[in-house]
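As provided, protein10.csv (CSV, C-alpha atoms and all ligand atoms) reads as follows.
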```
chain,number,residue,atom,x,y,z
A,262,MET,CA,6.1,-9.6,-1.5
A,263,ASP,CA,6.0,-12.7,0.7
A,264,SER,CA,2.5,-12.6,2.1
A,265,LYS,CA,-0.9,-11.7,0.9
A,266,HIS,CA,-1.4,-8.8,3.3
A,267,ASN,CA,1.4,-6.9,1.7
A,268,GLU,CA,-0.5,-6.9,-1.6
A,269,PRO,CA,-1.6,-3.5,-2.8
A,270,LYS,CA,-5.4,-2.9,-2.6
A,271,THR,CA,-5.9,0.3,-4.6
A,272,LEU,CA,-4.6,1.7,-7.8
A,273,GLN,CA,-2.5,4.2,-5.9
A,274,GLU,CA,-1.0,1.5,-3.7
A,275,ALA,CA,-0.4,-0.6,-6.8
A,276,ILE,CA,1.5,2.2,-8.6
A,277,ALA,CA,3.6,2.9,-5.4
A,278,PHE,CA,4.3,-0.8,-4.8
A,279,TYR,CA,5.0,-2.1,-8.3
A,280,SER,CA,6.9,1.0,-9.5
A,281,ASN,CA,9.7,-0.5,-7.3
A,282,PRO,CA,11.5,-2.8,-9.7
A,283,ASN,CA,12.3,-5.3,-6.9
A,284,ASN,CA,8.7,-5.7,-6.0
A,285,ALA,CA,7.7,-6.0,-9.7
A,286,LEU,CA,10.4,-8.7,-10.3
A,287,ALA,CA,9.5,-10.6,-7.1
A,288,TYR,CA,5.9,-10.7,-8.2
A,289,MET,CA,6.8,-11.9,-11.8
A,290,VAL,CA,9.0,-14.6,-10.3
A,291,LEU,CA,6.2,-15.8,-8.1
A,292,LEU,CA,3.8,-16.0,-11.1
A,293,ARG,CA,6.3,-17.6,-13.5
A,294,TRP,CA,8.0,-20.0,-11.0
A,295,PRO,CA,5.5,-20.6,-8.2
A,296,ASP,CA,7.8,-22.9,-6.3
A,297,GLY,CA,10.4,-20.2,-6.3
A,298,ILE,CA,13.0,-22.1,-8.4
A,299,VAL,CA,14.0,-20.1,-11.5
A,300,THR,CA,14.8,-22.5,-14.3
A,301,CYS,CA,16.4,-21.8,-17.7
A,302,PRO,CA,13.6,-21.7,-20.3
A,303,ALA,CA,15.9,-23.1,-23.0
A,304,CYS,CA,17.3,-26.2,-21.2
A,305,GLY,CA,15.5,-26.4,-17.9
A,306,ARG,CA,18.6,-26.1,-15.6
A,307,ASP,CA,17.6,-24.8,-12.2
A,308,ASP,CA,21.0,-23.6,-10.9
A,309,VAL,CA,20.9,-20.4,-12.9
A,310,VAL,CA,22.9,-17.3,-11.7
A,311,PHE,CA,21.1,-14.0,-11.0
A,312,LEU,CA,22.8,-11.0,-12.6
A,313,HIS,CA,21.8,-8.2,-10.2
A,314,ASN,CA,22.7,-5.2,-12.4
A,315,GLN,CA,20.7,-6.4,-15.3
A,316,ARG,CA,17.9,-8.1,-13.3
A,317,LYS,CA,18.4,-11.2,-15.5
A,318,TRP,CA,19.5,-14.7,-15.1
A,319,GLN,CA,22.3,-16.6,-16.8
A,320,CYS,CA,22.3,-20.3,-17.5
A,321,LYS,CA,25.5,-22.2,-16.6
A,322,SER,CA,25.3,-24.1,-19.9
A,323,VAL,CA,26.5,-22.5,-23.0
A,324,HIS,CA,23.7,-22.2,-25.5
A,325,PRO,CA,21.8,-19.5,-27.4
A,326,LYS,CA,19.6,-17.3,-25.2
A,327,ARG,CA,21.4,-18.4,-22.0
A,328,GLN,CA,20.6,-15.0,-20.5
A,329,PHE,CA,16.9,-14.5,-19.8
A,330,SER,CA,14.6,-12.1,-17.9
A,331,ALA,CA,11.3,-12.7,-16.1
A,332,LYS,CA,9.6,-11.5,-19.2
A,333,VAL,CA,10.7,-14.5,-21.3
A,334,GLY,CA,7.9,-16.5,-22.8
A,335,THR,CA,5.3,-13.9,-21.8
A,336,ILE,CA,3.5,-11.2,-23.8
A,337,PHE,CA,6.0,-8.8,-22.3
A,338,GLU,CA,9.0,-10.6,-23.7
A,339,ASP,CA,10.0,-8.5,-26.8
A,340,SER,CA,8.9,-5.2,-25.3
A,341,PRO,CA,11.5,-2.7,-24.2
A,342,ILE,CA,9.1,-1.3,-21.6
A,343,ALA,CA,10.0,-2.2,-18.0
A,344,ILE,CA,8.0,-4.9,-16.2
A,345,GLN,CA,6.9,-2.5,-13.5
A,346,LYS,CA,5.1,-0.4,-16.1
A,347,TRP,CA,3.4,-3.4,-17.6
A,348,ILE,CA,2.2,-4.5,-14.2
A,349,VAL,CA,0.5,-1.1,-13.5
A,350,ALA,CA,-1.1,-1.1,-16.9
A,351,VAL,CA,-2.6,-4.6,-16.2
A,352,TRP,CA,-3.9,-3.4,-12.9
A,353,MET,CA,-5.6,-0.4,-14.5
A,354,LEU,CA,-7.1,-2.3,-17.4
A,355,SER,CA,-8.4,-5.2,-15.3
A,356,ASN,CA,-10.1,-2.9,-12.7
A,357,CYS,CA,-11.3,0.3,-14.4
A,358,ARG,CA,-15.0,-0.5,-14.7
A,359,ASN,CA,-15.5,1.6,-17.8
A,360,GLY,CA,-12.2,0.8,-19.4
A,361,VAL,CA,-9.1,3.0,-19.5
A,362,SER,CA,-7.6,5.0,-22.4
A,363,SER,CA,-4.1,4.9,-23.7
A,364,TYR,CA,-3.8,8.5,-22.6
A,365,GLU,CA,-4.6,7.7,-19.0
A,366,ILE,CA,-2.1,4.8,-19.0
A,367,ALA,CA,0.6,7.0,-20.7
A,368,ARG,CA,0.2,9.6,-17.9
A,369,ALA,CA,0.1,7.0,-15.1
A,370,ILE,CA,3.3,5.1,-16.0
A,371,GLY,CA,5.2,7.7,-18.1
A,372,VAL,CA,5.3,6.2,-21.6
A,373,THR,CA,4.1,7.7,-24.9
A,374,GLN,CA,0.4,7.4,-25.8
A,375,LYS,CA,1.5,5.2,-28.8
A,376,SER,CA,3.3,2.8,-26.5
A,377,ALA,CA,0.4,2.7,-24.1
A,378,TRP,CA,-2.0,1.9,-27.0
A,379,PHE,CA,0.2,-1.0,-27.9
A,380,MET,CA,0.5,-2.2,-24.3
A,381,LEU,CA,-3.3,-2.1,-23.9
A,382,HIS,CA,-3.9,-4.2,-27.0
A,383,ARG,CA,-1.4,-6.8,-25.9
A,384,ILE,CA,-3.0,-7.0,-22.4
A,385,ARG,CA,-6.5,-7.3,-24.0
A,386,LEU,CA,-5.3,-10.4,-25.9
A,387,GLY,CA,-4.4,-11.9,-22.5
A,388,LEU,CA,-7.9,-11.1,-21.1
A,389,GLN,CA,-9.7,-13.1,-23.8
A,390,THR,CA,-12.4,-15.2,-22.3
A,391,SER,CA,-12.0,-18.9,-22.8
A,392,GLY,CA,-13.2,-21.9,-20.9
A,393,GLY,CA,-16.1,-24.3,-21.2
A,394,LYS,CA,-19.6,-23.9,-22.5
A,395,LEU,CA,-22.3,-22.0,-20.7
A,396,GLY,CA,-25.2,-24.0,-19.2
A,397,GLN,CA,-23.4,-26.7,-17.3
A,398,GLY,CA,-25.8,-26.8,-14.4
A,399,PRO,CA,-29.2,-28.5,-14.4
A,400,ASP,CA,-31.0,-25.2,-13.7
A,401,SER,CA,-28.9,-23.1,-16.0
A,402,GLU,CA,-30.5,-20.3,-18.0
A,403,VAL,CA,-28.7,-18.5,-20.7
A,404,GLU,CA,-29.7,-15.1,-22.3
A,405,ILE,CA,-28.7,-14.5,-25.9
A,406,ASP,CA,-28.9,-11.2,-27.7
A,407,GLU,CA,-27.1,-9.0,-30.3
A,408,THR,CA,-26.3,-5.3,-30.3
A,409,TYR,CA,-25.0,-2.8,-32.7
A,410,ILE,CA,-21.8,-0.9,-32.0
A,411,GLY,CA,-20.8,2.2,-34.0
A,412,GLY,CA,-18.2,4.9,-33.7
A,413,LYS,CA,-18.9,7.9,-31.6
A,414,ALA,CA,-19.0,10.7,-34.1
A,415,ARG,CA,-19.4,13.5,-31.6
A,416,ASN,CA,-16.0,12.6,-30.0
A,417,MET,CA,-14.1,13.0,-33.2
A,418,HIS,CA,-12.5,15.9,-34.9
A,419,ARG,CA,-14.8,17.5,-37.5
A,420,ALA,CA,-12.5,16.7,-40.4
A,421,LYS,CA,-12.2,13.1,-39.5
A,422,ARG,CA,-16.0,12.9,-39.0
A,423,GLU,CA,-16.6,14.3,-42.4
A,424,ARG,CA,-14.1,12.0,-44.0
A,425,LEU,CA,-15.6,8.9,-42.4
A,426,SER,CA,-19.1,10.0,-43.3
A,427,ARG,CA,-17.9,10.5,-46.9
A,428,ASP,CA,-16.3,7.0,-46.9
A,429,GLY,CA,-19.6,5.6,-45.9
A,430,GLY,CA,-19.6,5.2,-42.2
A,431,MET,CA,-17.3,4.3,-39.3
A,432,GLN,CA,-17.4,0.6,-39.5
A,433,GLY,CA,-15.5,-0.2,-42.6
A,434,GLY,CA,-18.0,1.5,-44.8
A,435,HIS,CA,-20.9,-0.8,-43.9
A,436,GLY,CA,-22.5,0.9,-41.0
A,437,LYS,CA,-22.3,-0.5,-37.5
A,438,ALA,CA,-20.8,-3.7,-36.3
A,439,VAL,CA,-22.9,-6.4,-34.7
A,440,VAL,CA,-21.8,-8.0,-31.4
A,441,MET,CA,-23.5,-11.1,-30.2
A,442,GLY,CA,-23.5,-12.1,-26.5
A,443,MET,CA,-24.6,-15.0,-24.4
A,444,VAL,CA,-24.7,-14.8,-20.6
A,445,GLU,CA,-25.5,-17.4,-18.1
A,446,ARG,CA,-27.7,-15.9,-15.3
A,447,GLY,CA,-25.5,-15.6,-12.2
A,448,GLY,CA,-22.5,-16.7,-14.3
A,449,LYS,CA,-20.3,-15.8,-17.2
A,450,VAL,CA,-20.7,-13.9,-20.5
A,451,LYS,CA,-19.3,-14.8,-23.9
A,452,ALA,CA,-19.4,-12.3,-26.7
A,453,ALA,CA,-18.2,-12.1,-30.3
A,454,VAL,CA,-18.1,-9.6,-33.1
A,455,LEU,CA,-20.2,-10.9,-35.9
A,456,GLY,CA,-19.2,-8.3,-38.5
A,457,HIS,CA,-21.7,-6.1,-40.2
A,458,LYS,CA,-24.5,-8.7,-40.7
A,459,ARG,CA,-26.5,-11.0,-38.5
A,460,GLU,CA,-26.2,-14.3,-40.4
A,461,LYS,CA,-28.5,-17.0,-39.0
A,462,LYS,CA,-26.2,-19.9,-39.7
A,463,LEU,CA,-23.3,-18.2,-38.0
A,464,MET,CA,-25.4,-17.2,-35.0
A,465,HIS,CA,-26.6,-20.8,-34.6
A,466,GLN,CA,-23.0,-22.1,-34.9
A,467,ILE,CA,-21.9,-19.7,-32.2
A,468,ILE,CA,-24.7,-20.7,-29.9
A,469,GLU,CA,-24.2,-24.4,-30.4
A,470,GLY,CA,-20.4,-24.0,-29.8
A,471,ASN,CA,-20.9,-22.1,-26.6
A,472,VAL,CA,-24.1,-23.3,-24.9
A,473,MET,CA,-24.7,-26.8,-23.7
A,474,PRO,CA,-27.6,-28.6,-25.4
A,475,GLY,CA,-30.7,-28.8,-23.2
A,476,THR,CA,-30.1,-25.5,-21.6
A,477,TRP,CA,-33.0,-23.1,-21.1
A,478,ILE,CA,-32.3,-20.1,-23.4
A,479,HIS,CA,-34.0,-16.7,-23.6
A,480,THR,CA,-33.9,-14.5,-26.7
A,481,ASP,CA,-36.0,-11.8,-28.3
A,482,GLU,CA,-38.4,-12.6,-31.1
A,483,PHE,CA,-35.8,-12.0,-33.9
A,484,SER,CA,-36.4,-14.7,-36.5
A,485,ASN,CA,-32.7,-15.7,-36.6
A,486,TYR,CA,-33.3,-17.5,-33.3
A,487,ASP,CA,-36.0,-19.7,-34.8
A,488,GLY,CA,-35.1,-23.4,-35.0
A,489,LEU,CA,-33.2,-23.5,-31.7
A,490,SER,CA,-35.9,-25.4,-29.9
A,491,ASP,CA,-34.6,-28.7,-31.3
A,492,LYS,CA,-31.5,-28.4,-29.1
A,493,TYR,CA,-32.7,-26.0,-26.3
A,494,THR,CA,-35.7,-25.1,-24.3
A,495,HIS,CA,-36.3,-21.8,-26.0
A,496,PHE,CA,-38.2,-18.9,-24.4
A,497,VAL,CA,-39.0,-15.8,-26.5
A,498,VAL,CA,-39.2,-12.4,-24.9
A,499,ASN,CA,-42.0,-10.2,-26.1
A,500,HIS,CA,-40.5,-6.8,-26.1
A,501,LEU,CA,-43.8,-5.2,-27.1
A,502,GLU,CA,-45.1,-6.0,-23.7
A,503,SER,CA,-44.2,-3.4,-21.1
A,504,TYR,CA,-43.8,-5.9,-18.3
A,505,VAL,CA,-41.5,-8.9,-17.8
A,506,GLU,CA,-43.3,-12.1,-18.2
A,507,GLY,CA,-42.2,-14.2,-15.3
A,508,ASN,CA,-38.6,-15.2,-15.7
A,509,VAL,CA,-38.5,-14.6,-19.5
A,510,HIS,CA,-36.3,-11.6,-20.1
A,511,THR,CA,-32.9,-10.6,-21.5
A,512,ASN,CA,-32.0,-8.1,-18.8
A,513,THR,CA,-28.7,-9.6,-17.9
A,514,ILE,CA,-27.2,-9.4,-21.3
A,515,GLU,CA,-28.7,-6.0,-21.8
A,516,ASN,CA,-26.8,-4.9,-18.6
A,517,PHE,CA,-23.6,-6.2,-20.2
A,518,TRP,CA,-24.3,-4.2,-23.4
A,519,SER,CA,-24.7,-1.0,-21.4
A,520,LEU,CA,-21.4,-1.6,-19.6
A,521,LEU,CA,-19.7,-2.3,-23.0
A,522,LYS,CA,-21.2,0.8,-24.6
A,523,ARG,CA,-20.4,3.0,-21.6
A,524,GLY,CA,-16.8,1.9,-21.9
A,525,LEU,CA,-16.6,2.4,-25.6
A,526,GLY,CA,-18.5,5.6,-25.7
A,527,GLY,CA,-16.9,7.3,-22.7
A,528,THR,CA,-13.3,6.1,-22.7
A,529,TYR,CA,-12.3,5.0,-26.1
A,530,VAL,CA,-12.5,7.9,-28.4
A,531,ALA,CA,-12.5,6.0,-31.7
A,532,VAL,CA,-12.4,2.2,-31.9
A,533,GLU,CA,-11.2,0.7,-35.2
A,534,PRO,CA,-13.6,-2.0,-36.3
A,535,PHE,CA,-10.7,-4.4,-36.5
A,536,HIS,CA,-10.0,-4.0,-32.8
A,537,LEU,CA,-13.5,-4.0,-31.6
A,538,PHE,CA,-13.4,-7.7,-30.5
A,539,ARG,CA,-10.5,-6.8,-28.1
A,540,TYR,CA,-12.6,-4.2,-26.3
A,541,VAL,CA,-15.5,-6.8,-26.1
A,542,ASP,CA,-13.1,-9.3,-24.6
A,543,GLU,CA,-11.8,-6.7,-22.1
A,544,GLN,CA,-15.3,-5.9,-20.9
A,545,ALA,CA,-16.2,-9.6,-20.7
A,546,PHE,CA,-13.1,-10.2,-18.5
A,547,ARG,CA,-14.2,-7.6,-16.0
A,548,PHE,CA,-17.8,-8.8,-16.1
A,549,ASN,CA,-16.8,-12.5,-15.6
A,550,ASN,CA,-14.4,-11.7,-12.8
A,551,ARG,CA,-16.8,-9.5,-10.7
A,552,LYS,CA,-17.4,-12.6,-8.4
A,553,GLY,CA,-15.4,-15.6,-7.4
A,554,VAL,CA,-16.5,-19.2,-7.9
A,555,ASP,CA,-18.0,-19.2,-4.4
A,556,GLY,CA,-20.1,-16.1,-5.2
A,557,THR,CA,-18.1,-13.7,-3.1
A,558,LYS,CA,-17.1,-10.3,-4.6
A,559,LEU,CA,-13.6,-10.2,-6.0
A,560,THR,CA,-11.3,-7.4,-5.0
A,561,ASP,CA,-9.2,-5.3,-7.4
A,562,ALA,CA,-6.1,-7.3,-6.3
A,563,ASP,CA,-7.9,-10.6,-7.0
A,564,ARG,CA,-8.9,-9.4,-10.5
A,565,PHE,CA,-5.4,-8.2,-11.1
A,566,ASN,CA,-3.9,-11.5,-10.1
A,567,ILE,CA,-6.3,-13.4,-12.4
A,568,ALA,CA,-5.4,-11.0,-15.3
A,569,MET,CA,-1.7,-11.4,-14.7
A,570,SER,CA,-1.9,-15.1,-14.7
A,571,GLN,CA,-3.8,-15.0,-18.0
A,572,VAL,CA,-1.7,-12.3,-19.5
A,573,ILE,CA,1.7,-13.8,-19.0
A,574,GLY,CA,0.7,-17.0,-20.8
A,575,LYS,CA,0.0,-15.4,-24.1
A,576,ARG,CA,2.1,-13.7,-26.7
A,577,LEU,CA,1.2,-11.3,-29.5
A,578,THR,CA,3.6,-9.7,-31.9
A,579,TYR,CA,3.2,-6.3,-33.3
A,580,THR,CA,2.5,-7.7,-36.8
A,581,GLU,CA,-0.4,-9.7,-35.5
A,582,LEU,CA,-1.7,-6.8,-33.6
A,583,THR,CA,-1.8,-4.4,-36.5
A,584,GLY,CA,-3.4,-7.0,-38.8
A,585,LYS,CA,-0.4,-7.4,-41.1
A,586,SER,CA,-0.5,-11.1,-40.6
A,587,GLY,CA,-3.7,-13.0,-40.8
A,588,GLU,CA,-4.7,-13.1,-37.2
A,589,GLU,CA,-8.4,-13.8,-36.8
A,590,GLN,CA,-10.8,-13.4,-34.0
A,591,THR,CA,-10.5,-16.4,-31.7
A,592,PRO,CA,-12.5,-15.9,-28.6
A,593,PHE,CA,-14.2,-19.3,-28.9
B,601,ZN,ZN,20.0,-23.3,-20.1
```
Write-out of the structure in structure tokens:
Amino acid sequence: MDSKHNEPKTLQEAIAFYSNPNNALAYMVLLRWPDGIVTCPACGRDDVVFLHNQRKWQCKSVHPKRQFSAKVGTIFEDSPIAIQKWIVAVWMLSNCRNGVSSYEIARAIGVTQKSAWFMLHRIRLGLQTSGGKLGQGPDSEVEIDETYIGGKARNMHRAKRERLSRDGGMQGGHGKAVVMGMVERGGKVKAAVLGHKREKKLMHQIIEGNVMPGTWIHTDEFSNYDGLSDKYTHFVVNHLESYVEGNVHTNTIENFWSLLKRGLGGTYVAVEPFHLFRYVDEQAFRFNNRKGVDGTKLTDADRFNIAMSQVIGKRLTYTELTGKSGEEQTPF
């Protein structure tokens, strides 16, 4: 892959192109070592030897880990799954508007559903939204809202549905989970899982941590939003009125909720509460990368390149993923 016009444009082209291990490796090298000089991650030597049969490099200095692959230092590092399969999975997750299930990934790349599930969660970690606060511009307007997310009982096997209902619901026994979102009109969304309650103090902390003071904000009349007018110009939407009063509405964030719910309801059969924030991050990634900084529409290849550049920088071990170590939600 030496020029942009060779880049695949569709999922089919991506599968065909990246299933060739040479193309997948060349792409990874380009991302990891943009100047084309592969260096030893342990000592920094840049005259490493490529071992063709193993698709690995070997450092000329004798030290631990002197052999390394293009996966070293990325979220793919300790995975036995080939890089070309990872790449196709990233393409699918970053571009399927309503999300993609582990079953679809498993079929597309030829791994077990369990492996695909694990891959998807690792990739979602890479897609976590970061970056500065919303409301940087002088005319910025930010909509803030919360929504409830619950399991989809109708998609479940009857026995499981009955067991969950007996245990007191599908969100850890306390009903649905609350997701809070903030979106800048014409800009990016940030969202977080609050848990089972809408605590005023936490909601204010999240807003202050993510929205620049002085910004015009729009919320509904929920009393937890009272007290924000010290720091913001606060407009309250009257949902009892059937018409939108001028510019005062929360339609943008409601649009994000419907995308999130369509993805969760249609594609993901049952979302464990613990993992909900990862699905929220995934949907936020696609929402935030629908347009480039200049306002032009991003292509699937653009979104894939952004996803890959984010994904290879982060690592997640299986213990973190399954909650056996104390990993907390850290989207902010
Ligand atoms: Zn070395």
Which residues are close to stretch 513-518 of chain A, i.e. within 7 Å by all atoms listed in the file, leaving aside same-chain residues fewer than 3 positions away? Reply as a ChimeraX atom specification.
/A:404,406,442-444,446,521-522
Excluding same-chain residues fewer than 2 positions from A:Met569, what lies within 10 Å of it counting only C-alpha atoms, as a list of chain:residue names?
A:Met289, A:Leu292, A:Trp347, A:Ile348, A:Val351, A:Trp352, A:Ser355, A:Ile384, A:Gly387, A:Leu388, A:Asp563, A:Arg564, A:Phe565, A:Asn566, A:Ile567, A:Gln571, A:Val572, A:Ile573, A:Gly574
Taking only C-alpha atoms and all ligand atoms into account, which residues are within 10 Å of ligand ZN 601 (chain B), as a ChimeraX atom specification?
/A:300-309,318-329
Please identify all polymer residues within 12 Å of A:Val403, counting only C-alpha atoms, omitting same-chain residues fewer than 4 positions from it, and present them as a count of residues only.
38
Separation of atom CA of A:Asp481 and atom CA of A:His500, in Å?
7.1 Å
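If only C-alpha atoms are the atoms counted, then among A:Leu291, A:Asn499, A:Asn356, A:Ser340 the closest residue to A:Ala562 is A:Asn356.
Taking atom CA of A:Asp542 and atom CA of A:Val349 as the two end points, the separation is 19.4 Å.
Between atom CA of A:Glu365 and atom CA of A:Ser330 lies a distance of 27.6 Å.
Residues within 7 Å of A:Glu407, counting all atoms listed in the file and excluding same-chain residues fewer than 5 positions away, are A:Val439, A:Val440, A:Met441, A:Gly442.
Taking all atoms listed in the file into account, A:Val454 lies nearest to A:Ala438 out of the set A:Ile467, A:Ala367, A:Leu272, A:Ala438.
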